[in-house]
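Worksheet: one structure, shown below.
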Amino acid sequence: MATAPQLPTTGPRWALSPFYFNSASHLLRIGPEKATTLMELLEAIRTCPESSIFQHTFQTLAEHHFISSGFSNDFSHWAFASCNEVELAERLAAIDVREFTSIATLRERLIHIMESYLQKNPRAATRVAMEPFYLMASDLVVVPTPYVARNLEEFADGLRKVSIHAIYYHFIDARLRLKLNSNDFSVWLEKELDLPQAADKVNRIDIYTSTLEEVRRNILKVIEIEMGRV
Amino acid sequence: MKEKNPGKMVMVDDSGKAGELKPESQRETNVAQSLPKGTATAPSAPGVERRFRQTDLPAHFIERRKNPRISTKQPPVPAPPRFEDYGPIIGKPELDEIRFLARHLRGKTVKMVNSTAVGGGVAEILNRLIPLMNELEVPTRWDVITGGNDFFEVTKGFHNALHGGDYNLTQQIKDIFMAYSEQNRKRMEFDEELIVIHDPQPVGLVRSKSPKHGKWIWRCHIDLSNPHSAVWEFLKPLVEQYDATVFSTAAFTRQLANPQYLFYPSIDPLSEKNKELPEEYINKVCDDFGIDRSRPVITQISRFDRLKDPVGVVESYKLVKKYVDCQLVLAGGGATDDPEGAVVLQEVMEAAGDDPDVIVLNLPPWSALEINALQRASTVIVQKSLKEGFGLTVTEGLWKEKPVVAGAVGGITSQIVHKLTGVLVHSVEGCAYQIRYLLTHPEFAAQLGKNGKAHAKENFLVTVGLKRWLVLFQILLGMARPNAVL
């Protein structure tokens with residue numbers, strides 16, 4: 001654990017509360033629900049545990065972090081690849097998980113999209129998919145890293161060194177923990193270093209058109225501008 | 001080691017050129033020449049030598065395609081890699097995270113039990129996993145159950161029945177299974193904190209589980225989606241005594257009272273099958289098999305098994321060939337020791353006809369390096385399975401940054417995200433179209449290859465498997481509480 005720093009009176013801004021970089025490891029649990037039609041998927045989405053909604057929306061982004069476009073969530077992908085329902089796939093893909101601070105509201109949105117599509121296209125509801133959809137859940141275990149930041153310099157250093165799973169944990173998974181439309185990095189930059197503009201820039205990085213490595217690079221760019229290096 | 005059936009030796013040196021006869025232990029021989037005349041198991045064996053139609057191909061390609069140079073000498077098994085060796089592949093932060101997870105388990109003892117120490121996929125996995133766990137100071141012991149022929153006949157019958165085959169489960173069979181389970185239970189001690197039992201053969205050991213000590217995990221490597229009901233009903237009460245079960249794909253599972261986890265089968269990036277190879281070696285292997293590296297190569301590596309649809313691959317290739325000049329390599333084993341494999345190989349040969357650009361290789365089990373080279377020399381890798389649990393050859397192709405075209409069945413749909421990490425197909429025509437598209441759009445093919453490698457690195461490497469075990473152990477021992485989602 002880092003000891004409380006002696007805050008210098010000049011030089012870089014120092015945070016009172018340091019930023020502790022964590023990472024996350026997850027395990028996939030196989031749920032009892034399985035869908036072979038869109039109607040069955042809708043029913044499963046209504047009744048499955050929240051950890052399953054989390055897995056197929058938030059967590060799947062981490063598993064496919066290297067894809068910069070064309071992948072949004074497992075429900076959308078199944079509607080496209082196994083059910084050949086392109087319109088539904090597009091609508092589901094347009095869900096941005098970062099708008100949601102609870103799984104309950106995300107579930108409601110999924111149900112609403114599915115219901116309205118199946119009302120308009122009733123024959124799609126019971127058509128058997130090429131491959132079943134198996135509902136999973138994710139068990140996430142937090143893994144501390146040795147990296148701690150008390151100023152921008154140390155923050156940039158930590159960002160460069162942590163694994164991509166740490167970026168995911170602080171940038172995407174954080175929203176559910178914080179119940180805010182924000183992320184751990186932005187919250188710390190604003191609260192501890194009084195950098196609201198940098199915090200906002202970091203928060204606006206698009207996770208659906210960037211890989212997580214690109215997210216890392218974009219955050220670093222914002223930090224380096226703040227440090228006056230660029 | 002003297003070969004069982006060395007056959008007639010040919011004089012070759014390491015470069016494949018004719019030369020002085022080497023000592024027997026260092027020689028290579030043409031497998032085709034060692035096989036009996038007329039057998040269907042050797043594509044280029046005398047008596048079934050393929051007749052190729054007139055072609056512009058240089059004579060040396062034709063010669064090698066008729067008589068591929070296949071090594072009959074089993075190479076020595078290299079020492080398993082050290083944990084640190086994976087650093088350049090997965091990066092230091094990932095190594096550190098695994099170390100951290102292991103540090104919390106330091107001193108916690110683990111026992112893994114299966115039914116064989118050599119041969120088979122499970123033994124191969126344990127041979128890699130257990131040294132890594134011990135190196136990370138999670139003391140892990142590997143025990144193997146014993147039994148007579150009657151026991152292993154029963155477990156083989158169970159294996160087939162659990163895959164959906166017919167079976168007559170009698171009381172005598174149940175008694176044999178339970179008697180050997182009891183015998184092994186008495187012989188073995190289960191003092192460890194974590195006991196991992198692999199597959200159905202040792203499943204009955206769970207009767208040694210104490211409510212006060214040790215967590216028991218059943219790792220099922222086989223497909224239980226459509227089991228023989230009587231056999232499953234017999235085994236299920238044993239399976240449900242475990243604290244957790246682990247399956248390779250969601251499609252393999254049954255409804256169970258205990259938690260079920262998904263561990264994708266993994267490949268070792270440092271194994272002979274997957275390690276980086278020098279370009280010269282890849283060229284040598286291509287030369288040995290008559291592969292022309294100046295033209296596109298489409299490859300399917302798999303046993304000669306109808307469920308892998310090798311004839312469908314030949315048909316797809318023929319559709320591609322109308323538009324793009326290319327070669328097809330079908331390489332695998334199982335045609336020598338499996339009667340059905342020999343029949344399928346014959347069907348493949350008939351489908352290939354006199355086309356010299358269809359190269360069929362029946363390789364011995366020790367051809368890991370050659371298969372690695374073939375995959376690396378390929379322009380497109382195909383795995384057109386009609387039924388598949390989890391296609392390790394798909395993962396191998398992804399890891400080698402190749403565009404992979406695969407049947408949309410079973411676990412392959414987890415390995416390939418359609419048009420993002422590879423391409424999924426449902427028919428011969430679809431397979432042909434996707435291969436054509438990849439051959440004529442190399443930038444898209446390269447992007448698929450790049451994404452595919454990242455997908456394999458993220459989800460299907462032995463280090464990811466190791467991490468999953470460490471996390472599961474922590475959860476079961478109550479050392480880590482999974483994050484609540486809300």
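If you're wondering about the labels, chains in the structure tokens are A, B, ... by order shown, residues count from 1 in each chain, ligands from 1 in order shown.
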
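The list of residues with at least one atom within 7 Å of Gly389 (chain B), based on only C-alpha atoms and without residues fewer than 6 positions apart in the same chain, reads Asp223, Gly410 and Gly411 of chain B.
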
With 9 Å as the cut-off and only C-alpha atoms counted, what is the closest atom pair between each nearby residue of chain B and chain A? Distances in Å to one decimal, ordered by chain and number, as CSV.
residue,atom,partner,partner_atom,distance
B:Gly91,CA,A:Ser163,CA,8.1
B:Lys92,CA,A:Ser163,CA,8.2
B:Pro93,CA,A:Ser163,CA,5.0
B:Glu94,CA,A:Ser163,CA,6.0
B:Asp96,CA,A:Thr145,CA,7.9
B:Glu97,CA,A:Val143,CA,6.8
B:Phe100,CA,A:Val143,CA,7.4
B:Leu101,CA,A:Val143,CA,7.3
B:Val246,CA,A:Arg29,CA,8.9
B:Phe247,CA,A:Ile30,CA,8.8
B:Thr249,CA,A:Ile30,CA,8.8
B:Ala250,CA,A:Ile30,CA,6.2
B:Ala251,CA,A:Tyr134,CA,7.5
B:Thr253,CA,A:Ile30,CA,8.4
B:Arg254,CA,A:Pro32,CA,8.7
B:Gln255,CA,A:Pro32,CA,6.7
B:Leu256,CA,A:Pro32,CA,8.6
B:Pro259,CA,A:Arg29,CA,7.2
B:Gln260,CA,A:Ile30,CA,5.4
B:Tyr261,CA,A:Arg29,CA,4.3
B:Leu262,CA,A:Leu28,CA,5.3
B:Phe263,CA,A:Leu28,CA,7.5
B:Ala408,CA,A:Glu131,CA,7.8
B:Val409,CA,A:Glu131,CA,7.3
B:Gly410,CA,A:Glu131,CA,8.0
B:Thr413,CA,A:Glu131,CA,8.3
B:Val417,CA,A:His77,CA,8.3
B:His418,CA,A:Ala81,CA,6.8
B:Lys419,CA,A:Gly70,CA,9.0
B:Leu420,CA,A:Ile67,CA,7.4
B:Thr421,CA,A:Ile67,CA,8.6
B:Leu424,CA,A:Ala81,CA,8.8
B:Asn451,CA,A:Phe66,CA,6.6
B:Ala454,CA,A:Phe66,CA,6.4
B:His455,CA,A:His64,CA,6.9
B:Glu458,CA,A:Glu63,CA,6.8
B:Asn459,CA,A:Glu63,CA,7.4
B:Lys467,CA,A:Ser25,CA,7.9
B:Arg468,CA,A:Leu27,CA,6.4
B:Val471,CA,A:Val141,CA,7.2
B:Leu472,CA,A:Leu27,CA,7.3
B:Ile475,CA,A:Val141,CA,8.4
B:Ala480,CA,A:Val141,CA,6.5
B:Arg481,CA,A:Val141,CA,6.8
B:Pro482,CA,A:Leu140,CA,5.0
B:Asn483,CA,A:Leu140,CA,5.2
B:Ala484,CA,A:Leu140,CA,8.1
B:Val485,CA,A:Ser51,CA,5.9
B:Leu486,CA,A:Leu176,CA,6.1

TODO: Write out as a count of residues only each polymer residue whose atoms come within 12 Å of Val86 (chain A), counting only C-alpha atoms; drop sequence neighbours fewer than 6 positions from it.
DONE: 10

- [ ] For CA of Phe177 (chain B) and CA of Phe151 (chain B), determine how far apart the two atoms are, in Å to one decimal place.
- [x]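 Separating CA of Phe177 (chain B) from CA of Phe151 (chain B) is a distance of 6.1 Å.
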
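When DSSP is run on the backbone, the residues of region 120-152 of chain A that fall into strand (DSSP E) are Phe133, Tyr134, Leu135, Met136, Ala137, Ser138, Asp139, Leu140, Val141, Val142, Val143, Pro144, Thr145, Pro146, Tyr147, Val148 and Ala149 of chain A.
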